[in-house]
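Asks: Below is the file query.tsv, with TSV, C-alpha atoms.
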chain	number	residue	atom	x	y	z
P	266	MET	CA	16.97	3.74	12.18
P	267	ALA	CA	16.44	2.83	8.51
P	268	GLU	CA	14.05	5.76	8.09
P	269	ALA	CA	16.56	8.16	9.65
P	270	SER	CA	19.29	6.84	7.37
P	271	LYS	CA	17.05	7.30	4.36
P	272	TRP	CA	16.30	10.93	5.19
P	273	ALA	CA	19.98	11.60	5.93
P	274	HIS	CA	20.78	10.34	2.44
P	275	VAL	CA	18.08	12.57	0.96
P	276	ARG	CA	19.51	15.60	2.79
P	277	GLU	CA	22.98	14.79	1.51
P	278	GLN	CA	21.72	14.57	-2.05
P	279	ILE	CA	19.91	17.90	-1.72
P	280	GLU	CA	23.04	19.54	-0.28
P	281	TYR	CA	25.16	18.08	-3.09
P	282	ARG	CA	22.82	19.25	-5.85
P	283	THR	CA	22.61	22.68	-4.25
P	284	LEU	CA	26.40	22.85	-4.13
P	285	LEU	CA	26.70	21.94	-7.82
P	286	ALA	CA	24.04	24.48	-8.77
P	287	SER	CA	25.84	27.20	-6.81
P	288	LYS	CA	29.13	26.32	-8.46
P	289	TRP	CA	27.51	26.41	-11.90
P	290	CYS	CA	26.36	29.97	-11.25
P	291	VAL	CA	29.66	31.15	-9.76
P	292	GLN	CA	31.71	29.68	-12.57
P	293	ARG	CA	29.68	31.55	-15.18
P	294	LEU	CA	30.96	34.84	-13.78
P	295	PRO	CA	34.01	36.42	-15.45
P	296	ARG	CA	37.22	35.31	-13.77
P	297	ALA	CA	40.73	36.66	-13.70
P	298	ALA	CA	42.93	35.56	-16.56
P	299	GLY	CA	45.43	32.86	-15.80
P	300	ALA	CA	46.46	29.32	-16.66
P	301	ARG	CA	44.05	26.62	-15.59
P	302	ARG	CA	45.46	24.34	-12.89
P	303	HIS	CA	45.10	20.58	-13.27
P	304	VAL	CA	44.91	18.43	-10.16
P	305	PHE	CA	45.15	14.63	-10.09
P	306	VAL	CA	43.87	12.79	-7.03
P	307	ALA	CA	45.76	9.50	-6.86
P	308	GLY	CA	45.99	6.47	-4.61
P	309	MET	CA	44.99	2.86	-4.23
P	310	GLN	CA	41.28	2.03	-4.17
P	311	ARG	CA	39.64	2.26	-0.71
P	312	SER	CA	42.33	4.68	0.49
P	313	GLY	CA	40.19	7.79	0.91
P	314	THR	CA	40.26	9.22	-2.60
P	315	ASN	CA	36.48	9.61	-2.63
P	316	MET	CA	36.57	11.60	0.58
P	317	LEU	CA	39.40	13.77	-0.73
P	318	MET	CA	37.55	14.42	-3.99
P	319	ASP	CA	34.43	15.38	-2.04
P	320	LEU	CA	36.42	17.87	0.02
P	321	ILE	CA	37.94	19.45	-3.07
P	322	GLU	CA	34.56	19.57	-4.76
P	323	ARG	CA	33.24	21.86	-2.01
P	324	SER	CA	35.43	24.64	-3.37
P	325	MET	CA	33.70	27.01	-5.76
P	326	LEU	CA	36.88	27.10	-7.86
P	327	THR	CA	36.94	23.44	-8.88
P	328	ASP	CA	35.49	21.31	-11.65
P	329	VAL	CA	35.69	17.76	-10.28
P	330	TYR	CA	35.50	14.47	-12.19
P	331	HIS	CA	34.97	11.34	-10.12
P	332	GLU	CA	35.61	7.91	-11.63
P	333	ARG	CA	31.84	7.36	-11.64
P	334	ASP	CA	31.41	10.28	-14.05
P	335	PRO	CA	30.71	8.87	-17.55
P	336	ARG	CA	31.97	12.06	-19.18
P	337	ALA	CA	35.53	11.27	-18.09
P	338	PHE	CA	35.46	7.55	-17.26
P	339	ASP	CA	34.24	4.31	-18.79
P	340	ASN	CA	33.77	1.53	-16.24
P	341	TYR	CA	36.09	3.39	-13.83
P	342	MET	CA	38.82	3.74	-16.46
P	343	MET	CA	39.85	7.21	-17.59
P	344	ARG	CA	38.77	7.92	-21.15
P	345	GLU	CA	41.20	8.71	-23.96
P	346	LEU	CA	43.31	11.86	-23.71
P	347	PRO	CA	41.39	13.77	-26.44
P	348	VAL	CA	38.18	13.30	-24.40
P	349	ILE	CA	39.83	14.61	-21.23
P	350	ARG	CA	41.41	17.45	-23.15
P	351	ARG	CA	37.97	18.44	-24.46
P	352	LEU	CA	36.57	18.44	-20.92
P	353	VAL	CA	39.43	20.66	-19.79
P	354	GLU	CA	38.79	23.09	-22.63
P	355	GLN	CA	35.07	23.22	-21.85
P	356	SER	CA	35.57	23.71	-18.12
P	357	ARG	CA	34.92	27.17	-16.70
P	358	ALA	CA	36.61	26.53	-13.36
P	359	PRO	CA	40.21	27.61	-12.65
P	360	HIS	CA	40.96	24.13	-11.21
P	361	PHE	CA	40.24	20.97	-13.21
P	362	VAL	CA	40.33	18.01	-10.81
P	363	ILE	CA	40.23	14.36	-11.88
P	364	LYS	CA	40.62	10.99	-10.17
P	365	CYS	CA	43.66	8.86	-11.06
P	366	LEU	CA	43.39	5.36	-9.59
P	367	CYS	CA	43.51	2.71	-12.29
P	368	GLU	CA	45.95	5.04	-14.06
P	369	LEU	CA	48.48	5.32	-11.22
P	370	ASP	CA	51.34	4.14	-13.41
P	371	ARG	CA	50.47	6.88	-15.93
P	372	LEU	CA	50.43	9.72	-13.42
P	373	PRO	CA	53.76	11.33	-14.46
P	374	ALA	CA	52.73	11.19	-18.13
P	375	LEU	CA	49.32	12.69	-17.37
P	376	MET	CA	50.93	15.49	-15.37
P	377	SER	CA	53.22	16.23	-18.32
P	378	GLU	CA	50.28	16.21	-20.73
P	379	PHE	CA	48.18	18.63	-18.66
P	380	GLN	CA	50.16	21.59	-17.37
P	381	PRO	CA	50.42	23.27	-15.00
P	382	SER	CA	49.49	20.33	-12.81
P	383	LYS	CA	49.88	18.92	-9.33
P	384	ALA	CA	48.92	15.63	-7.72
P	385	LEU	CA	47.70	14.52	-4.31
P	386	TRP	CA	48.53	10.88	-3.54
P	387	ILE	CA	46.69	9.54	-0.50
P	388	VAL	CA	47.76	6.37	1.29
P	389	ARG	CA	45.79	4.43	3.89
P	390	GLU	CA	47.07	1.91	6.42
P	391	TYR	CA	46.97	-1.37	4.52
P	392	ARG	CA	44.93	-3.39	7.04
P	393	ASP	CA	42.01	-0.95	6.94
P	394	ALA	CA	42.38	-0.57	3.18
P	395	VAL	CA	42.26	-4.35	2.71
P	396	ASN	CA	39.26	-4.75	5.01
P	397	SER	CA	37.40	-2.09	3.03
P	398	ALA	CA	38.44	-3.63	-0.30
P	399	LEU	CA	37.22	-7.07	0.76
P	400	VAL	CA	33.76	-5.60	1.34
P	401	SER	CA	33.64	-3.57	-1.87
P	402	PHE	CA	35.50	-5.76	-4.36
P	403	GLY	CA	36.70	-9.31	-4.92
P	404	ARG	CA	38.72	-11.61	-7.18
P	405	PHE	CA	42.05	-10.45	-5.77
P	406	SER	CA	43.51	-13.96	-5.91
P	407	GLN	CA	42.37	-14.26	-9.52
P	408	GLN	CA	44.09	-11.00	-10.37
P	409	ILE	CA	47.38	-12.18	-8.86
P	410	ASP	CA	47.03	-15.50	-10.64
P	411	ARG	CA	46.58	-13.73	-13.97
P	412	ILE	CA	49.66	-11.61	-13.36
P	413	VAL	CA	51.74	-14.67	-12.50
P	414	ARG	CA	50.57	-16.56	-15.62
P	415	GLY	CA	51.24	-13.56	-17.89
P	416	LYS	CA	47.55	-13.12	-18.63
P	417	ALA	CA	47.16	-9.57	-17.27
P	418	ASP	CA	48.57	-7.52	-20.12
P	419	GLY	CA	46.55	-4.31	-20.45
P	420	GLU	CA	44.86	-4.78	-17.07
P	421	TRP	CA	44.98	-1.76	-14.79
P	422	PHE	CA	46.12	-3.71	-11.73
P	423	ALA	CA	49.27	-4.85	-13.56
P	424	GLY	CA	50.07	-1.46	-15.07
P	425	GLY	CA	53.63	-0.20	-14.67
P	426	MET	CA	54.82	-3.32	-12.83
P	427	SER	CA	58.61	-3.61	-12.90
P	428	ASP	CA	60.44	-6.86	-13.63
P	429	ASP	CA	61.64	-6.98	-10.02
P	430	THR	CA	58.10	-6.61	-8.72
P	431	LEU	CA	56.84	-9.29	-11.08
P	432	ARG	CA	59.53	-11.69	-9.86
P	433	LEU	CA	58.56	-10.96	-6.25
P	434	VAL	CA	54.87	-11.56	-6.94
P	435	ARG	CA	55.68	-14.87	-8.63
P	436	GLU	CA	57.80	-15.93	-5.66
P	437	LEU	CA	55.03	-15.12	-3.19
P	438	TRP	CA	52.10	-16.54	-5.14
P	439	ARG	CA	50.45	-19.78	-4.14
P	440	PRO	CA	47.16	-21.11	-5.56
P	441	ASP	CA	45.72	-21.26	-2.03
P	442	MET	CA	46.63	-17.63	-1.20
P	443	ASN	CA	43.66	-16.12	0.66
P	444	GLU	CA	41.83	-13.03	-0.58
P	445	ALA	CA	43.12	-10.78	2.20
P	446	THR	CA	46.75	-11.60	1.40
P	447	ALA	CA	46.16	-11.14	-2.34
P	448	ALA	CA	44.46	-7.78	-1.70
P	449	ALA	CA	47.36	-6.68	0.53
P	450	LEU	CA	49.87	-7.73	-2.14
P	451	ILE	CA	48.05	-5.62	-4.72
P	452	TRP	CA	47.96	-2.73	-2.23
P	453	TYR	CA	51.72	-3.16	-1.90
P	454	PHE	CA	52.80	-3.17	-5.52
P	455	ARG	CA	50.34	-0.48	-6.61
P	456	ASN	CA	51.49	1.88	-3.85
P	457	LEU	CA	55.13	0.93	-4.53
P	458	LEU	CA	54.73	2.80	-7.83
P	459	PHE	CA	54.94	6.02	-5.80
P	460	PHE	CA	58.62	5.35	-5.14
P	461	GLN	CA	59.41	3.54	-8.38
P	462	MET	CA	58.23	6.61	-10.30
P	463	LYS	CA	60.26	8.80	-7.91
P	464	LEU	CA	57.21	10.79	-6.89
P	465	ASP	CA	58.70	11.17	-3.41
P	466	ARG	CA	61.19	13.55	-5.07
P	467	ASN	CA	58.68	15.37	-7.23
P	468	PRO	CA	57.79	18.80	-5.78
P	469	ARG	CA	54.50	18.78	-7.72
P	470	VAL	CA	53.25	15.70	-5.83
P	471	LYS	CA	52.07	15.79	-2.23
P	472	LEU	CA	51.67	12.63	-0.15
P	473	LEU	CA	48.68	12.55	2.18
P	474	SER	CA	47.87	10.16	5.00
P	475	TYR	CA	44.27	9.00	5.29
P	476	GLU	CA	44.65	8.59	9.04
P	477	SER	CA	46.03	12.10	9.48
P	478	LEU	CA	43.34	13.56	7.25
P	479	VAL	CA	40.48	12.08	9.28
P	480	THR	CA	42.02	12.74	12.71
P	481	ARG	CA	43.28	16.26	11.94
P	482	PRO	CA	41.01	17.29	9.07
P	483	VAL	CA	41.39	21.06	9.33
P	484	GLU	CA	45.20	21.10	9.46
P	485	GLU	CA	45.70	18.38	6.84
P	486	CYS	CA	43.07	19.61	4.41
P	487	GLU	CA	44.27	23.19	4.71
P	488	ALA	CA	47.81	22.06	3.82
P	489	ALA	CA	46.52	20.06	0.85
P	490	PHE	CA	44.45	23.00	-0.39
P	491	ARG	CA	47.41	25.33	-0.02
P	492	PHE	CA	49.52	22.92	-2.08
P	493	ILE	CA	47.04	22.96	-4.97
P	494	ASP	CA	46.48	26.72	-4.64
P	495	LEU	CA	42.92	26.63	-3.32
P	496	PRO	CA	41.52	28.81	-0.53
P	497	PHE	CA	40.38	26.82	2.50
P	498	THR	CA	37.72	27.28	5.18
P	499	PRO	CA	37.04	24.84	8.06
P	500	PHE	CA	33.48	24.47	6.72
P	501	ILE	CA	34.90	22.17	4.04
P	502	THR	CA	35.86	19.46	6.54
P	503	ARG	CA	32.77	19.60	8.74
P	504	LYS	CA	31.69	16.03	7.83
P	505	VAL	CA	35.06	14.30	8.20
P	506	PHE	CA	35.19	11.70	10.98
P	507	ALA	CA	37.81	9.23	12.21
P	508	SER	CA	35.39	6.37	12.95
P	509	SER	CA	36.72	4.24	10.07
P	510	ILE	CA	40.18	3.75	11.61
P	511	SER	CA	40.73	0.19	12.91
P	512	LYS	CA	36.98	-0.37	12.75
P	513	LYS	CA	37.43	-4.10	12.14
P	514	ALA	CA	39.85	-6.77	13.28
P	515	PRO	CA	43.02	-7.01	11.16
P	516	PRO	CA	42.54	-9.14	8.03
P	517	PRO	CA	44.34	-12.53	7.80
P	518	VAL	CA	47.31	-11.31	5.74
P	519	GLU	CA	50.18	-13.80	5.55
P	520	PRO	CA	53.26	-12.63	7.52
P	521	VAL	CA	55.62	-12.29	4.54
P	522	VAL	CA	53.19	-9.98	2.71
P	523	ALA	CA	52.32	-8.11	5.92
P	524	GLU	CA	56.04	-7.44	6.42
P	525	LEU	CA	56.31	-5.95	2.93
P	526	CYS	CA	53.31	-3.71	3.58
P	527	ASP	CA	54.67	-2.60	6.97
P	528	GLU	CA	58.00	-1.69	5.35
P	529	LEU	CA	56.23	0.33	2.67
P	530	MET	CA	54.13	2.12	5.29
P	531	ALA	CA	57.37	3.05	7.05
P	532	ARG	CA	58.74	4.51	3.81
P	533	PHE	CA	55.58	6.57	3.39
P	534	ALA	CA	55.83	7.78	7.00
P	535	ALA	CA	59.42	8.87	6.36
P	536	VAL	CA	58.33	10.90	3.34
P	537	ARG	CA	55.56	12.50	5.35
P	538	GLY	CA	58.01	13.33	8.13
P	539	THR	CA	60.46	14.88	5.69
P	540	HIS	CA	57.80	17.02	4.07
P	541	ALA	CA	55.84	17.93	7.20
Please express the file's structure as C-alpha coordinates.
Replies:
Amino acid sequence: MAEASKWAHVREQIEYRTLLASKWCVQRLPRAAGARRHVFVAGMQRSGTNMLMDLIERSMLTDVYHERDPRAFDNYMMRELPVIRRLVEQSRAPHFVIKCLCELDRLPALMSEFQPSKALWIVREYRDAVNSALVSFGRFSQQIDRIVRGKADGEWFAGGMSDDTLRLVRELWRPDMNEATAAALIWYFRNLLFFQMKLDRNPRVKLLSYESLVTRPVEECEAAFRFIDLPFTPFITRKVFASSISKKAPPPVEPVVAELCDELMARFAAVRGTHA
(Lines of atoms letter the chains of each structure in order from A and count residues from 1; the text may use other names and numbers.)
(Lines give C-alpha, C1' and ligand atoms only; values in the text may rest on other atoms or scores of the structure.)
Protein backbone atom coordinates (compact mmCIF):
# COMPACT_ATOMS: atom_id res chain seq x y z
CA MET A 1 0.00 0.00 0.00
CA ALA A 2 2.81 2.41 0.91
CA GLU A 3 4.59 1.62 -2.36
CA ALA A 4 1.41 2.25 -4.36
CA SER A 5 0.89 5.54 -2.56
CA LYS A 6 4.45 6.57 -3.29
CA TRP A 7 4.11 5.91 -7.01
CA ALA A 8 0.74 7.67 -7.10
CA HIS A 9 2.44 10.73 -5.63
CA VAL A 10 5.21 10.50 -8.23
CA ARG A 11 2.63 10.32 -11.04
CA GLU A 12 0.84 13.35 -9.64
CA GLN A 13 4.07 15.33 -9.53
CA ILE A 14 4.89 14.36 -13.12
CA GLU A 15 1.40 15.36 -14.26
CA TYR A 16 1.68 18.68 -12.41
CA ARG A 17 5.09 19.53 -13.87
CA THR A 18 3.87 18.57 -17.33
CA LEU A 19 0.86 20.83 -16.88
CA LEU A 20 3.04 23.78 -15.84
CA ALA A 21 5.41 23.19 -18.75
CA SER A 22 2.48 23.11 -21.19
CA LYS A 23 1.08 26.31 -19.75
CA TRP A 24 4.48 28.00 -20.00
CA CYS A 25 4.57 27.22 -23.72
CA VAL A 26 0.96 28.23 -24.39
CA GLN A 27 1.30 31.51 -22.53
CA ARG A 28 4.29 32.52 -24.64
CA LEU A 29 2.07 32.63 -27.71
CA PRO A 30 0.60 36.00 -28.73
CA ARG A 31 -2.82 36.52 -27.16
CA ALA A 32 -5.72 38.80 -27.93
CA ALA A 33 -5.50 42.24 -26.41
CA GLY A 34 -7.61 42.86 -23.36
CA ALA A 35 -7.47 43.73 -19.68
CA ARG A 36 -5.99 41.08 -17.44
CA ARG A 37 -8.52 39.57 -15.03
CA HIS A 38 -7.58 39.18 -11.37
CA VAL A 39 -9.15 36.38 -9.36
CA PHE A 40 -8.96 36.01 -5.58
CA VAL A 41 -9.70 32.61 -4.05
CA ALA A 42 -10.90 33.24 -0.50
CA GLY A 43 -12.15 31.26 2.46
CA MET A 44 -11.22 29.91 5.85
CA GLN A 45 -8.31 27.48 6.07
CA ARG A 46 -9.25 23.80 5.48
CA SER A 47 -12.33 24.82 3.49
CA GLY A 48 -11.29 23.56 0.06
CA THR A 49 -9.30 26.51 -1.23
CA ASN A 50 -6.40 24.25 -2.23
CA MET A 51 -8.71 22.05 -4.27
CA LEU A 52 -10.31 25.07 -5.91
CA MET A 53 -6.91 26.56 -6.76
CA ASP A 54 -5.82 23.23 -8.27
CA LEU A 55 -8.93 23.16 -10.47
CA ILE A 56 -8.34 26.70 -11.69
CA GLU A 57 -4.68 25.95 -12.31
CA ARG A 58 -5.64 23.27 -14.86
CA SER A 59 -6.79 26.02 -17.20
CA MET A 60 -4.21 27.10 -19.76
CA LEU A 61 -5.36 30.71 -19.28
CA THR A 62 -4.36 31.10 -15.63
CA ASP A 63 -1.27 32.10 -13.69
CA VAL A 64 -1.90 30.72 -10.19
CA TYR A 65 -0.19 31.69 -6.93
CA HIS A 66 -0.74 29.36 -3.99
CA GLU A 67 0.09 30.51 -0.45
CA ARG A 68 3.06 28.13 -0.52
CA ASP A 69 4.59 30.11 -3.41
CA PRO A 70 7.48 32.23 -2.04
CA ARG A 71 7.17 34.66 -4.93
CA ALA A 72 3.84 35.91 -3.61
CA PHE A 73 3.78 34.77 0.02
CA ASP A 74 6.04 34.80 3.07
CA ASN A 75 5.10 32.19 5.66
CA TYR A 76 1.60 31.97 4.14
CA MET A 77 1.10 35.74 4.31
CA MET A 78 0.64 37.69 1.08
CA ARG A 79 3.62 39.88 0.30
CA GLU A 80 3.42 43.66 -0.01
CA LEU A 81 1.29 45.15 -2.78
CA PRO A 82 4.28 46.32 -4.91
CA VAL A 83 5.52 42.70 -5.01
CA ILE A 84 2.12 41.41 -6.12
CA ARG A 85 1.80 44.22 -8.62
CA ARG A 86 5.16 43.24 -10.12
CA LEU A 87 4.02 39.62 -10.44
CA VAL A 88 0.86 40.78 -12.20
CA GLU A 89 2.87 42.90 -14.62
CA GLN A 90 5.24 40.02 -15.37
CA SER A 91 2.46 37.48 -15.87
CA ARG A 92 1.68 36.40 -19.43
CA ALA A 93 -1.64 34.76 -18.61
CA PRO A 94 -4.98 36.55 -19.11
CA HIS A 95 -6.08 35.46 -15.60
CA PHE A 96 -3.93 36.19 -12.54
CA VAL A 97 -5.18 34.02 -9.67
CA ILE A 98 -4.03 34.35 -6.06
CA LYS A 99 -5.03 32.84 -2.72
CA CYS A 100 -6.58 35.14 -0.11
CA LEU A 101 -6.91 33.40 3.27
CA CYS A 102 -5.01 35.26 5.97
CA GLU A 103 -6.05 38.42 4.12
CA LEU A 104 -9.81 37.80 4.18
CA ASP A 105 -10.51 41.13 5.86
CA ARG A 106 -8.55 42.88 3.09
CA LEU A 107 -10.41 41.25 0.21
CA PRO A 108 -12.51 44.31 -0.81
CA ALA A 109 -9.40 46.52 -0.74
CA LEU A 110 -7.41 44.01 -2.79
CA MET A 111 -10.21 43.79 -5.35
CA SER A 112 -10.20 47.58 -5.62
CA GLU A 113 -6.43 47.65 -6.02
CA PHE A 114 -6.37 45.04 -8.80
CA GLN A 115 -9.03 45.61 -11.43
CA PRO A 116 -10.91 44.13 -13.12
CA SER A 117 -11.24 41.49 -10.42
CA LYS A 118 -13.56 38.85 -9.07
CA ALA A 119 -13.47 36.61 -6.02
CA LEU A 120 -14.55 33.07 -5.21
CA TRP A 121 -15.27 32.53 -1.50
CA ILE A 122 -15.61 28.87 -0.56
CA VAL A 123 -17.21 27.75 2.69
CA ARG A 124 -17.11 24.27 4.21
CA GLU A 125 -19.41 22.78 6.83
CA TYR A 126 -17.78 23.79 10.10
CA ARG A 127 -17.56 20.34 11.70
CA ASP A 128 -15.51 18.91 8.83
CA ALA A 129 -13.48 22.12 8.61
CA VAL A 130 -12.69 21.94 12.33
CA ASN A 131 -11.76 18.26 12.18
CA SER A 132 -9.38 18.99 9.31
CA ALA A 133 -7.93 22.03 11.09
CA LEU A 134 -7.27 20.03 14.25
CA VAL A 135 -5.12 17.63 12.22
CA SER A 136 -3.25 20.31 10.29
CA PHE A 137 -2.88 23.11 12.82
CA GLY A 138 -3.07 23.86 16.53
CA ARG A 139 -2.96 26.58 19.18
CA PHE A 140 -6.54 27.67 18.54
CA SER A 141 -7.19 28.25 22.24
CA GLN A 142 -4.01 30.32 22.46
CA GLN A 143 -5.17 32.44 19.54
CA ILE A 144 -8.52 33.14 21.20
CA ASP A 145 -6.77 33.91 24.46
CA ARG A 146 -4.52 36.44 22.73
CA ILE A 147 -7.52 38.12 21.12
CA VAL A 148 -9.33 38.36 24.46
CA ARG A 149 -6.27 39.84 26.21
CA GLY A 150 -5.68 42.38 23.43
CA LYS A 151 -2.42 40.74 22.41
CA ALA A 152 -3.37 39.87 18.81
CA ASP A 153 -2.89 43.21 17.09
CA GLY A 154 -1.48 42.62 13.61
CA GLU A 155 -2.24 38.89 13.71
CA TRP A 156 -4.09 37.56 10.68
CA PHE A 157 -6.68 35.64 12.71
CA ALA A 158 -7.83 38.87 14.40
CA GLY A 159 -7.88 40.95 11.22
CA GLY A 160 -11.01 42.98 10.55
CA MET A 161 -12.74 41.90 13.77
CA SER A 162 -15.59 44.25 14.68
CA ASP A 163 -16.19 45.55 18.19
CA ASP A 164 -19.36 43.46 18.41
CA THR A 165 -17.49 40.32 17.43
CA LEU A 166 -14.74 41.05 19.94
CA ARG A 167 -17.32 41.47 22.71
CA LEU A 168 -18.91 38.15 21.73
CA VAL A 169 -15.57 36.34 21.75
CA ARG A 170 -14.77 37.74 25.19
CA GLU A 171 -18.15 36.61 26.50
CA LEU A 172 -17.65 33.09 25.18
CA TRP A 173 -14.01 32.62 26.16
CA ARG A 174 -13.01 30.43 29.06
CA PRO A 175 -9.44 29.35 29.89
CA ASP A 176 -10.52 25.70 29.70
CA MET A 177 -12.14 26.05 26.24
CA ASN A 178 -11.18 22.96 24.22
CA GLU A 179 -9.33 23.18 20.91
CA ALA A 180 -12.32 22.08 18.83
CA THR A 181 -14.52 24.84 20.25
CA ALA A 182 -11.78 27.44 19.80
CA ALA A 183 -11.24 26.32 16.19
CA ALA A 184 -15.00 26.49 15.52
CA LEU A 185 -15.14 29.99 17.03
CA ILE A 186 -12.35 31.14 14.72
CA TRP A 187 -14.16 29.49 11.79
CA TYR A 188 -17.22 31.50 12.81
CA PHE A 189 -15.78 34.98 13.09
CA ARG A 190 -13.49 34.65 10.08
CA ASN A 191 -16.38 33.50 7.86
CA LEU A 192 -18.65 36.14 9.40
CA LEU A 193 -16.48 38.70 7.58
CA PHE A 194 -18.26 37.64 4.39
CA PHE A 195 -21.44 39.31 5.63
CA GLN A 196 -19.82 42.10 7.63
CA MET A 197 -18.05 43.24 4.46
CA LYS A 198 -21.36 42.90 2.56
CA LEU A 199 -19.85 40.47 0.08
CA ASP A 200 -23.23 38.73 -0.14
CA ARG A 201 -24.38 41.84 -2.05
CA ASN A 202 -21.28 42.20 -4.19
CA PRO A 203 -21.88 40.94 -7.76
CA ARG A 204 -18.12 40.43 -8.22
CA VAL A 205 -18.00 37.81 -5.44
CA LYS A 206 -19.36 34.29 -5.82
CA LEU A 207 -20.01 32.04 -2.82
CA LEU A 208 -19.15 28.37 -3.29
CA SER A 209 -20.04 25.39 -1.13
CA TYR A 210 -17.32 22.81 -0.58
CA GLU A 211 -19.91 20.07 -0.21
CA SER A 212 -21.64 21.01 -3.46
CA LEU A 213 -18.33 21.26 -5.28
CA VAL A 214 -17.23 17.74 -4.33
CA THR A 215 -20.64 16.10 -4.83
CA ARG A 216 -21.52 17.91 -8.08
CA PRO A 217 -18.08 18.87 -9.39
CA VAL A 218 -18.94 19.36 -13.05
CA GLU A 219 -21.97 21.61 -12.47
CA GLU A 220 -20.42 23.63 -9.64
CA CYS A 221 -17.01 24.05 -11.22
CA GLU A 222 -18.51 24.99 -14.56
CA ALA A 223 -20.56 27.72 -12.85
CA ALA A 224 -17.47 29.00 -11.01
CA PHE A 225 -15.42 29.05 -14.20
CA ARG A 226 -18.20 30.86 -16.04
CA PHE A 227 -18.27 33.48 -13.26
CA ILE A 228 -14.55 34.21 -13.63
CA ASP A 229 -14.74 34.06 -17.44
CA LEU A 230 -12.81 30.84 -17.96
CA PRO A 231 -13.72 28.06 -20.41
CA PHE A 232 -14.52 24.76 -18.71
CA THR A 233 -14.19 21.10 -19.67
CA PRO A 234 -15.21 18.14 -17.45
CA PHE A 235 -11.59 16.94 -17.62
CA ILE A 236 -10.74 19.62 -15.06
CA THR A 237 -12.76 17.93 -12.30
CA ARG A 238 -11.77 14.33 -12.99
CA LYS A 239 -9.98 13.94 -9.62
CA VAL A 240 -12.62 15.52 -7.38
CA PHE A 241 -14.17 13.12 -4.87
CA ALA A 242 -16.70 13.47 -2.04
CA SER A 243 -14.99 11.05 0.37
CA SER A 244 -13.97 13.86 2.76
CA ILE A 245 -17.55 14.73 3.76
CA SER A 246 -18.39 13.61 7.33
CA LYS A 247 -15.35 11.36 7.28
CA LYS A 248 -14.90 11.66 11.05
CA ALA A 249 -17.19 11.94 14.04
CA PRO A 250 -18.27 15.51 14.85
CA PRO A 251 -15.71 17.39 16.96
CA PRO A 252 -16.58 18.26 20.60
CA VAL A 253 -17.71 21.84 19.93
CA GLU A 254 -19.53 23.45 22.86
CA PRO A 255 -23.27 23.95 22.16
CA VAL A 256 -23.26 27.76 22.28
CA VAL A 257 -20.50 27.98 19.65
CA ALA A 258 -22.04 25.18 17.59
CA GLU A 259 -25.30 27.16 17.51
CA LEU A 260 -23.48 30.23 16.18
CA CYS A 261 -21.82 28.15 13.47
CA ASP A 262 -25.12 26.48 12.50
CA GLU A 263 -26.77 29.90 12.18
CA LEU A 264 -23.94 31.15 9.99
CA MET A 265 -24.16 28.03 7.81
CA ALA A 266 -27.87 28.77 7.37
CA ARG A 267 -27.05 32.31 6.23
CA PHE A 268 -24.58 30.94 3.71
CA ALA A 269 -27.17 28.44 2.46
CA ALA A 270 -29.66 31.29 1.98
CA VAL A 271 -27.15 33.21 -0.13
CA ARG A 272 -26.45 30.14 -2.20
CA GLY A 273 -30.17 29.59 -2.70
CA THR A 274 -30.70 33.18 -3.76
CA HIS A 275 -27.87 33.07 -6.26
CA ALA A 276 -28.42 29.53 -7.57
Asks: Once you count all atoms listed in the file, what closest atom pair and distance in Å to one decimal does each residue of stretch 374-452 of chain P within 6 Å of stretch 304-314 of chain P have, with rows by chain and rising residue number, as a Markdown table?
Replies:
| residue | atom | partner | partner_atom | distance |
| --- | --- | --- | --- | --- |
| P:Ser382 | CA | P:Val304 | CA | 5.6 |
| P:Lys383 | CA | P:Val304 | CA | 5.1 |
| P:Ala384 | CA | P:Phe305 | CA | 4.6 |
| P:Leu385 | CA | P:Val306 | CA | 5.0 |
| P:Trp386 | CA | P:Ala307 | CA | 4.5 |
| P:Ile387 | CA | P:Gly308 | CA | 5.2 |
| P:Val388 | CA | P:Ser312 | CA | 5.7 |
| P:Arg389 | CA | P:Ser312 | CA | 4.9 |
| P:Ala394 | CA | P:Arg311 | CA | 5.5 |
Asks: Output the selection as a CSV table (one decimal), in the coordinates of the input - C-alpha atoms for each residue.
Replies:
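Below is the file part33.csv, written as the result:
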chain,number,residue,atom,x,y,z
P,382,SER,CA,49.5,20.3,-12.8
P,383,LYS,CA,49.9,18.9,-9.3
P,384,ALA,CA,48.9,15.6,-7.7
P,385,LEU,CA,47.7,14.5,-4.3
P,386,TRP,CA,48.5,10.9,-3.5
P,387,ILE,CA,46.7,9.5,-0.5
P,388,VAL,CA,47.8,6.4,1.3
P,389,ARG,CA,45.8,4.4,3.9
P,394,ALA,CA,42.4,-0.6,3.2
Asks: If I take atom CA of P:Leu431 and atom CA of P:Leu525, how far is one from the other in Å, to one decimal?
Replies: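 If I compute the distance from atom CA of P:Leu431 to atom CA of P:Leu525, I get 14.4 Å.
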Asks: Counting all atoms listed in the file, which residue out of P:Pro482, P:Pro347, P:Pro468, P:Pro373 sits closest to P:Ala507?
Replies: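 Residue with the minimum atom-to-atom distance to P:Ala507: P:Pro482.
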Asks: Atom CA of P:Asp393 and atom CA of P:Ala423 are how many Å apart?
Replies: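 So the two atoms, atom CA of P:Asp393 and atom CA of P:Ala423, lie 22.1 Å apart.
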Asks: Taking into account only C-alpha atoms, which residue in the set P:Gly403, P:Met325, P:Asn443, P:Asp334 is nearest to P:Val518?
Replies: P:Asn443
Asks: Rank P:Arg323, P:Arg432, P:Arg302, P:Arg411 by their smallest atom-to-atom distance to P:Cys486, using only C-alpha atoms, and report the top residue only.
Replies: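 Result for the nearest residue to P:Cys486: P:Arg323.
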Asks: List as a list in words the protein and nucleic acid residues near P:Thr498, meaning an atom at most 12 Å away when only C-alpha atoms are counted, but skip any in the same chain fewer than 2 places from it.
Replies: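 The neighbour list is Leu320, Ile321, Arg323, Ser324, Met325, Pro482, Val483, Glu484, Cys486, Glu487, Ala488, Phe490, Arg491, Leu495, Pro496, Phe500, Ile501, Thr502 and Arg503 of chain P.
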Asks: Go through P:Tyr341, P:Trp452, P:Tyr330, P:Tyr391 one by one, measure the shortest atom-to-atom distance of each to P:Pro516 using only C-alpha atoms, and give the residue with the smallest value.
Replies: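 Checking each of P:Tyr341, P:Trp452, P:Tyr330, P:Tyr391 against P:Pro516, counting only C-alpha atoms, the winner is P:Tyr391.
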Asks: Mind giving me the straight-line distance from atom CA of P:Leu326 to atom CA of P:Ala489 in Å, one decimal?
Replies: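 About the pair atom CA of P:Leu326 and atom CA of P:Ala489: they are 14.8 Å apart.
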Asks: When you look at P:Trp438 with a cut-off of 10 Å (counting all atoms listed in the file), what residues show up, excluding the ones that are within fewer than 2 positions of it in the same chain? I need them as a PyMOL selection string.
Replies: chain P and resi 406+409-410+412-413+433-436+440-442+446-447+450
Asks: Determine the nearest neighbour of P:Leu372 from the options P:Ala448, P:Leu437, P:Met343, P:Ala531, counting only C-alpha atoms.
Replies: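 The closest residue to P:Leu372 is P:Met343.
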Asks: Which residue out of P:His303, P:Ser401, P:Glu420, P:Pro335 has the minimum interatomic distance to P:Glu354 when all atoms listed in the file are used?
Replies: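 Among the listed residues, the smallest separation from P:Glu354 belongs to P:His303.
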